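> I have a structure here, written as structure tokens, and I will follow up with some questions on it.
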Amino acid sequence: MGAFDPAAITAAILAGGEGRRVGGADKGLLLLDGSPLIAHVQTALCGQAGTIVICANRNADRYARFAPVVTDAAPDFRGPLAGIAAALRACDNEWLLTVPVDCPRLPPDFARRLHAAANGHAAVAYDGQCRQPLFAIYSRDLSDSAAAALARSVSVWGWQDEIGARIVDFSDAPQILANLNTHEDFENWEQVSHG
């Protein structure tokens, strides 16, 4: 497997959702503490990956101010596996780390912990109650597998089962995997962060 090397990792921030719970807004561009949410996630990934890309299906010009943008092969919001498959296809590094755009609290050892468990293949986070399939790391060699699963309309969860992704226990800090899904979640995050 080799030692952990952030330079061997591309981090893909999954920002391709439809934003239904925030009135159809592009969640990654909503302001959190005065900055777009995408900027918080990008900051949390600093030092964890040599390259960052953003998987987005709209507002590519605005996202491109933060990192290169990867778009799904199909334009019809086919779900997160479409973004993961596109990012794997574009990945030049040995590993692809995926995180959703609505989780700004990633710990500094997030990529290291997933990589240590992946055993050269794949690993996914578990928050103490359930698997969190968008928090994962994959070998770049899984690109064809992801594309084939997408063509069969398999879910991310189902594909991870198929490839035997290892589970990594983050139950020691489940709050790091908590999503900001609604405007109220954004407001609560800001209140807590300002103590």
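The chains in the structure tokens are called A, B, ... from first to last as shown; in each chain the residues are counted from 1, and the ligands are counted from 1 in the order shown.
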When you look at Ala7 (chain A) with a cut-off of 10 Å (counting only C-alpha atoms), what residues show up, excluding the ones that are within fewer than 6 positions of it in the same chain? I need them as a list of chain:residue names.
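Result of the neighbour search: A:Gly47, A:Gln48, A:Ala49, A:Gly50, A:Thr51, A:Asn93, A:Glu94, A:Trp95.
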> What lies within 12 Å of Gly164 (chain A) using only C-alpha atoms, ignoring chain neighbours under 6 positions off, as a tab-separated table (two decimals) with N, CA and C atoms, in the first residue's frame?

```tsv
chain	number	residue	atom	x	y	z
A	118	ALA	N	-7.57	1.43	3.62
A	118	ALA	CA	-8.00	1.07	2.26
A	118	ALA	C	-7.32	-0.17	1.71
A	119	ASN	N	-6.13	-0.48	2.22
A	119	ASN	CA	-5.41	-1.67	1.78
A	119	ASN	C	-5.24	-1.70	0.25
A	120	GLY	N	-4.88	-0.54	-0.31
A	120	GLY	CA	-4.63	-0.46	-1.74
A	120	GLY	C	-5.87	-0.44	-2.61
A	121	HIS	N	-7.05	-0.33	-2.01
A	121	HIS	CA	-8.28	-0.51	-2.78
A	121	HIS	C	-9.30	0.61	-2.51
A	122	ALA	N	-10.05	0.50	-1.42
A	122	ALA	CA	-11.09	1.49	-1.13
A	122	ALA	C	-11.48	1.41	0.34
A	123	ALA	N	-11.90	2.55	0.88
A	123	ALA	CA	-12.38	2.60	2.26
A	123	ALA	C	-13.43	3.70	2.37
A	124	VAL	N	-14.37	3.50	3.31
A	124	VAL	CA	-15.48	4.44	3.48
A	124	VAL	C	-15.71	4.68	4.96
A	138	TYR	N	-10.66	5.94	-2.84
A	138	TYR	CA	-10.65	4.88	-3.85
A	138	TYR	C	-9.33	4.87	-4.59
A	142	LEU	N	-10.07	1.90	-9.88
A	142	LEU	CA	-11.50	1.57	-9.83
A	142	LEU	C	-12.33	2.40	-10.81
A	157	TRP	N	-23.59	3.31	-2.43
A	157	TRP	CA	-23.60	2.30	-1.37
A	157	TRP	C	-23.45	0.90	-1.98
A	158	GLY	N	-24.25	0.61	-3.00
A	158	GLY	CA	-24.21	-0.70	-3.64
A	158	GLY	C	-22.88	-0.97	-4.30
```
> Per DSSP on the backbone, what are the strand (DSSP E or B) residues of chain A, as a ChimeraX atom specification?
/A:9-14,31-32,35-36,51-55,69-70,95-100,122-126,131-139,166-169
> Please produce an output containing N, CA and C atoms for each residue in the selection, written as a tab-separated table (two decimals), in the first residue's frame.

```
chain	number	residue	atom	x	y	z
A	9	ILE	N	-2.79	11.94	-3.65
A	9	ILE	CA	-4.25	11.96	-3.49
A	9	ILE	C	-4.85	13.16	-4.22
A	10	THR	N	-5.91	12.89	-4.98
A	10	THR	CA	-6.78	13.94	-5.50
A	10	THR	C	-8.04	13.93	-4.65
A	11	ALA	N	-8.41	15.07	-4.11
A	11	ALA	CA	-9.65	15.18	-3.34
A	11	ALA	C	-10.73	15.75	-4.24
A	12	ALA	N	-11.86	15.06	-4.31
A	12	ALA	CA	-13.00	15.53	-5.10
A	12	ALA	C	-14.11	15.98	-4.15
A	13	ILE	N	-14.45	17.25	-4.22
A	13	ILE	CA	-15.56	17.77	-3.42
A	13	ILE	C	-16.83	17.61	-4.25
A	14	LEU	N	-17.75	16.81	-3.74
A	14	LEU	CA	-18.97	16.48	-4.48
A	14	LEU	C	-20.01	17.58	-4.29
A	31	LEU	N	-23.46	31.08	1.49
A	31	LEU	CA	-22.50	31.65	2.43
A	31	LEU	C	-22.62	30.99	3.80
A	32	LEU	N	-21.47	30.70	4.36
A	32	LEU	CA	-21.36	30.19	5.72
A	32	LEU	C	-20.29	31.02	6.40
A	35	SER	N	-18.31	33.27	3.93
A	35	SER	CA	-17.61	32.69	2.77
A	35	SER	C	-18.45	31.57	2.17
A	36	PRO	N	-18.33	31.31	0.87
A	36	PRO	CA	-19.06	30.18	0.30
A	36	PRO	C	-18.68	28.88	0.99
A	51	THR	N	-4.02	17.50	-4.86
A	51	THR	CA	-4.87	18.13	-5.87
A	51	THR	C	-6.30	18.15	-5.35
A	52	ILE	N	-7.02	19.22	-5.61
A	52	ILE	CA	-8.45	19.29	-5.28
A	52	ILE	C	-9.21	19.59	-6.56
A	53	VAL	N	-10.30	18.87	-6.77
A	53	VAL	CA	-11.22	19.16	-7.86
A	53	VAL	C	-12.62	19.28	-7.28
A	54	ILE	N	-13.51	19.91	-8.01
A	54	ILE	CA	-14.90	20.06	-7.59
A	54	ILE	C	-15.79	19.39	-8.62
A	55	CYS	N	-16.62	18.46	-8.17
A	55	CYS	CA	-17.59	17.81	-9.05
A	55	CYS	C	-18.88	18.62	-8.99
A	69	VAL	N	-12.95	22.14	-12.17
A	69	VAL	CA	-14.29	21.56	-12.09
A	69	VAL	C	-14.37	20.33	-12.99
A	70	VAL	N	-14.95	19.27	-12.45
A	70	VAL	CA	-15.24	18.05	-13.20
A	70	VAL	C	-16.75	17.92	-13.26
A	95	TRP	N	-4.75	7.94	-5.80
A	95	TRP	CA	-5.95	7.83	-4.95
A	95	TRP	C	-6.92	8.97	-5.23
A	96	LEU	N	-8.21	8.67	-5.05
A	96	LEU	CA	-9.26	9.69	-5.09
A	96	LEU	C	-9.97	9.69	-3.74
A	97	LEU	N	-9.93	10.83	-3.07
A	97	LEU	CA	-10.65	11.04	-1.82
A	97	LEU	C	-11.92	11.80	-2.15
A	98	THR	N	-13.08	11.35	-1.66
A	98	THR	CA	-14.33	12.07	-1.92
A	98	THR	C	-14.94	12.59	-0.63
A	99	VAL	N	-15.46	13.80	-0.69
A	99	VAL	CA	-16.18	14.40	0.43
A	99	VAL	C	-17.34	15.21	-0.14
A	100	PRO	N	-18.48	15.25	0.56
A	100	PRO	CA	-19.58	16.10	0.10
A	100	PRO	C	-19.31	17.57	0.41
A	122	ALA	N	-10.05	0.50	-1.42
A	122	ALA	CA	-11.09	1.49	-1.13
A	122	ALA	C	-11.48	1.41	0.34
A	123	ALA	N	-11.90	2.55	0.88
A	123	ALA	CA	-12.38	2.60	2.26
A	123	ALA	C	-13.43	3.70	2.37
A	124	VAL	N	-14.37	3.50	3.31
A	124	VAL	CA	-15.48	4.44	3.48
A	124	VAL	C	-15.71	4.68	4.96
A	125	ALA	N	-16.13	5.88	5.31
A	125	ALA	CA	-16.31	6.26	6.72
A	125	ALA	C	-17.62	5.72	7.30
A	126	TYR	N	-17.58	5.46	8.60
A	126	TYR	CA	-18.73	5.01	9.38
A	126	TYR	C	-18.80	5.93	10.59
A	131	ARG	N	-22.94	3.79	7.64
A	131	ARG	CA	-21.90	4.14	6.68
A	131	ARG	C	-22.25	5.50	6.08
A	132	GLN	N	-21.22	6.29	5.82
A	132	GLN	CA	-21.38	7.59	5.16
A	132	GLN	C	-20.69	7.50	3.80
A	133	PRO	N	-21.41	7.05	2.76
A	133	PRO	CA	-20.76	6.63	1.52
A	133	PRO	C	-20.05	7.72	0.72
A	134	LEU	N	-20.34	8.98	0.99
A	134	LEU	CA	-19.66	10.03	0.23
A	134	LEU	C	-18.31	10.39	0.82
A	135	PHE	N	-18.04	9.92	2.04
A	135	PHE	CA	-16.74	10.13	2.68
A	135	PHE	C	-15.90	8.88	2.45
A	136	ALA	N	-15.10	8.89	1.40
A	136	ALA	CA	-14.43	7.65	1.02
A	136	ALA	C	-13.13	7.93	0.28
A	137	ILE	N	-12.35	6.87	0.11
A	137	ILE	CA	-11.14	6.93	-0.69
A	137	ILE	C	-11.11	5.72	-1.61
A	138	TYR	N	-10.66	5.94	-2.84
A	138	TYR	CA	-10.65	4.88	-3.85
A	138	TYR	C	-9.33	4.87	-4.59
A	139	SER	N	-8.87	3.68	-4.93
A	139	SER	CA	-7.76	3.56	-5.86
A	139	SER	C	-8.23	4.05	-7.23
A	166	ARG	N	-13.52	-1.11	2.53
A	166	ARG	CA	-13.34	-1.30	3.97
A	166	ARG	C	-14.03	-0.18	4.73
A	167	ILE	N	-14.54	-0.51	5.89
A	167	ILE	CA	-15.24	0.46	6.73
A	167	ILE	C	-14.25	1.06	7.73
A	168	VAL	N	-14.26	2.38	7.86
A	168	VAL	CA	-13.38	3.07	8.81
A	168	VAL	C	-14.24	3.74	9.86
A	169	ASP	N	-14.00	3.40	11.10
A	169	ASP	CA	-14.83	3.87	12.21
A	169	ASP	C	-14.43	5.28	12.64
```
> From the options A:Pro68, A:Pro6, A:Pro104, A:Gly83, which residue's atoms come nearest to Ile38 (chain A), counting only C-alpha atoms?
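Closest to Ile38 (chain A) of all the choices is A:Pro104.
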> Can you measure CA of Asp127 (chain A) to CA of Val154 (chain A) for me? One decimal in Å is fine.
22.7 Å
> If DSSP is run on the backbone, what residues of chain A are helix (DSSP H, G or I)? A reply as a ChimeraX atom specification would be ideal.
/A:6-8,20-22,27-29,37-44,60-63,80-90,110-118,140-151,156-163,174-177,183-193
> Kindly save the residues from that selection, with C-alpha atoms included, as a PDB file, in the first residue's frame.

```pdb
ATOM      1  CA  PRO A   6      -0.970  13.640   0.316  1.00  0.00           C
ATOM      2  CA  ALA A   7       0.681  14.329  -3.050  1.00  0.00           C
ATOM      3  CA  ALA A   8      -0.646  10.948  -4.261  1.00  0.00           C
ATOM      4  CA  ARG A  20     -33.718  20.523  -2.862  1.00  0.00           C
ATOM      5  CA  ARG A  21     -33.585  21.170   0.897  1.00  0.00           C
ATOM      6  CA  VAL A  22     -32.231  24.675   0.362  1.00  0.00           C
ATOM      7  CA  LYS A  27     -25.435  24.557  -1.698  1.00  0.00           C
ATOM      8  CA  GLY A  28     -21.680  24.848  -2.165  1.00  0.00           C
ATOM      9  CA  LEU A  29     -22.055  28.523  -3.079  1.00  0.00           C
ATOM     10  CA  LEU A  37     -19.415  26.723   1.816  1.00  0.00           C
ATOM     11  CA  ILE A  38     -17.040  25.321  -0.826  1.00  0.00           C
ATOM     12  CA  ALA A  39     -14.243  27.508   0.576  1.00  0.00           C
ATOM     13  CA  HIS A  40     -14.641  25.977   4.052  1.00  0.00           C
ATOM     14  CA  VAL A  41     -14.431  22.437   2.674  1.00  0.00           C
ATOM     15  CA  GLN A  42     -11.437  23.361   0.531  1.00  0.00           C
ATOM     16  CA  THR A  43      -9.669  24.756   3.608  1.00  0.00           C
ATOM     17  CA  ALA A  44     -10.432  21.599   5.593  1.00  0.00           C
ATOM     18  CA  ALA A  60     -18.878  25.727 -13.138  1.00  0.00           C
ATOM     19  CA  ASP A  61     -17.472  29.212 -13.716  1.00  0.00           C
ATOM     20  CA  ARG A  62     -18.053  30.175 -10.072  1.00  0.00           C
ATOM     21  CA  TYR A  63     -16.651  26.926  -8.726  1.00  0.00           C
ATOM     22  CA  PRO A  80     -23.184  11.043  -6.482  1.00  0.00           C
ATOM     23  CA  LEU A  81     -21.798   7.956  -8.227  1.00  0.00           C
ATOM     24  CA  ALA A  82     -21.849   9.975 -11.454  1.00  0.00           C
ATOM     25  CA  GLY A  83     -19.594  12.564  -9.834  1.00  0.00           C
ATOM     26  CA  ILE A  84     -17.314   9.907  -8.359  1.00  0.00           C
ATOM     27  CA  ALA A  85     -17.033   8.119 -11.716  1.00  0.00           C
ATOM     28  CA  ALA A  86     -16.216  11.408 -13.470  1.00  0.00           C
ATOM     29  CA  ALA A  87     -13.603  12.295 -10.839  1.00  0.00           C
ATOM     30  CA  LEU A  88     -11.987   8.852 -11.075  1.00  0.00           C
ATOM     31  CA  ARG A  89     -11.842   9.214 -14.847  1.00  0.00           C
ATOM     32  CA  ALA A  90     -10.101  12.593 -14.479  1.00  0.00           C
ATOM     33  CA  PHE A 110      -9.342  12.342   7.651  1.00  0.00           C
ATOM     34  CA  ALA A 111      -7.497  11.277   4.483  1.00  0.00           C
ATOM     35  CA  ARG A 112      -4.761   9.538   6.460  1.00  0.00           C
ATOM     36  CA  ARG A 113      -7.251   7.381   8.388  1.00  0.00           C
ATOM     37  CA  LEU A 114      -9.128   6.330   5.254  1.00  0.00           C
ATOM     38  CA  HIS A 115      -5.905   5.623   3.375  1.00  0.00           C
ATOM     39  CA  ALA A 116      -4.539   3.477   6.220  1.00  0.00           C
ATOM     40  CA  ALA A 117      -7.608   1.221   6.044  1.00  0.00           C
ATOM     41  CA  ALA A 118      -8.004   1.073   2.261  1.00  0.00           C
ATOM     42  CA  ARG A 140      -7.685   5.217  -9.283  1.00  0.00           C
ATOM     43  CA  ASP A 141      -7.783   1.677 -10.709  1.00  0.00           C
ATOM     44  CA  LEU A 142     -11.496   1.567  -9.830  1.00  0.00           C
ATOM     45  CA  SER A 143     -12.413   4.036 -12.582  1.00  0.00           C
ATOM     46  CA  ASP A 144     -13.803   1.411 -14.973  1.00  0.00           C
ATOM     47  CA  SER A 145     -15.677  -0.307 -12.142  1.00  0.00           C
ATOM     48  CA  ALA A 146     -17.378   2.962 -11.143  1.00  0.00           C
ATOM     49  CA  ALA A 147     -18.366   3.709 -14.748  1.00  0.00           C
ATOM     50  CA  ALA A 148     -19.815   0.212 -15.156  1.00  0.00           C
ATOM     51  CA  ALA A 149     -21.779   0.489 -11.910  1.00  0.00           C
ATOM     52  CA  LEU A 150     -23.136   3.874 -12.997  1.00  0.00           C
ATOM     53  CA  ALA A 151     -24.266   2.378 -16.305  1.00  0.00           C
ATOM     54  CA  VAL A 156     -22.739   4.529  -4.335  1.00  0.00           C
ATOM     55  CA  TRP A 157     -23.597   2.300  -1.375  1.00  0.00           C
ATOM     56  CA  GLY A 158     -24.210  -0.700  -3.640  1.00  0.00           C
ATOM     57  CA  TRP A 159     -21.007  -0.117  -5.588  1.00  0.00           C
ATOM     58  CA  GLN A 160     -18.998   0.099  -2.391  1.00  0.00           C
ATOM     59  CA  ASP A 161     -20.453  -3.268  -1.391  1.00  0.00           C
ATOM     60  CA  GLU A 162     -19.515  -4.710  -4.782  1.00  0.00           C
ATOM     61  CA  ILE A 163     -15.895  -3.592  -4.556  1.00  0.00           C
ATOM     62  CA  PRO A 174     -19.355  11.641  14.398  1.00  0.00           C
ATOM     63  CA  GLN A 175     -19.966  15.396  14.267  1.00  0.00           C
ATOM     64  CA  ILE A 176     -17.266  15.755  11.613  1.00  0.00           C
ATOM     65  CA  LEU A 177     -19.486  13.881   9.171  1.00  0.00           C
ATOM     66  CA  HIS A 183     -30.749  26.942   5.871  1.00  0.00           C
ATOM     67  CA  GLU A 184     -31.384  26.249   9.555  1.00  0.00           C
ATOM     68  CA  ASP A 185     -28.347  23.937   9.647  1.00  0.00           C
ATOM     69  CA  PHE A 186     -26.215  26.783   8.272  1.00  0.00           C
ATOM     70  CA  GLU A 187     -27.532  29.158  10.942  1.00  0.00           C
ATOM     71  CA  ASN A 188     -26.940  26.627  13.724  1.00  0.00           C
ATOM     72  CA  TRP A 189     -23.374  25.966  12.523  1.00  0.00           C
ATOM     73  CA  GLU A 190     -22.599  29.673  12.622  1.00  0.00           C
ATOM     74  CA  GLN A 191     -24.071  30.044  16.116  1.00  0.00           C
ATOM     75  CA  VAL A 192     -22.034  27.121  17.451  1.00  0.00           C
ATOM     76  CA  SER A 193     -18.825  28.262  15.735  1.00  0.00           C
TER      77      SER A 193
END
```
> Considering only C-alpha atoms, state which residue in the set A:Cys130, A:Ala64, A:Cys103, A:Ala173 is at the smallest distance from Leu45 (chain A).
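Of the candidates, the smallest distance to Leu45 (chain A) is held by A:Cys103.
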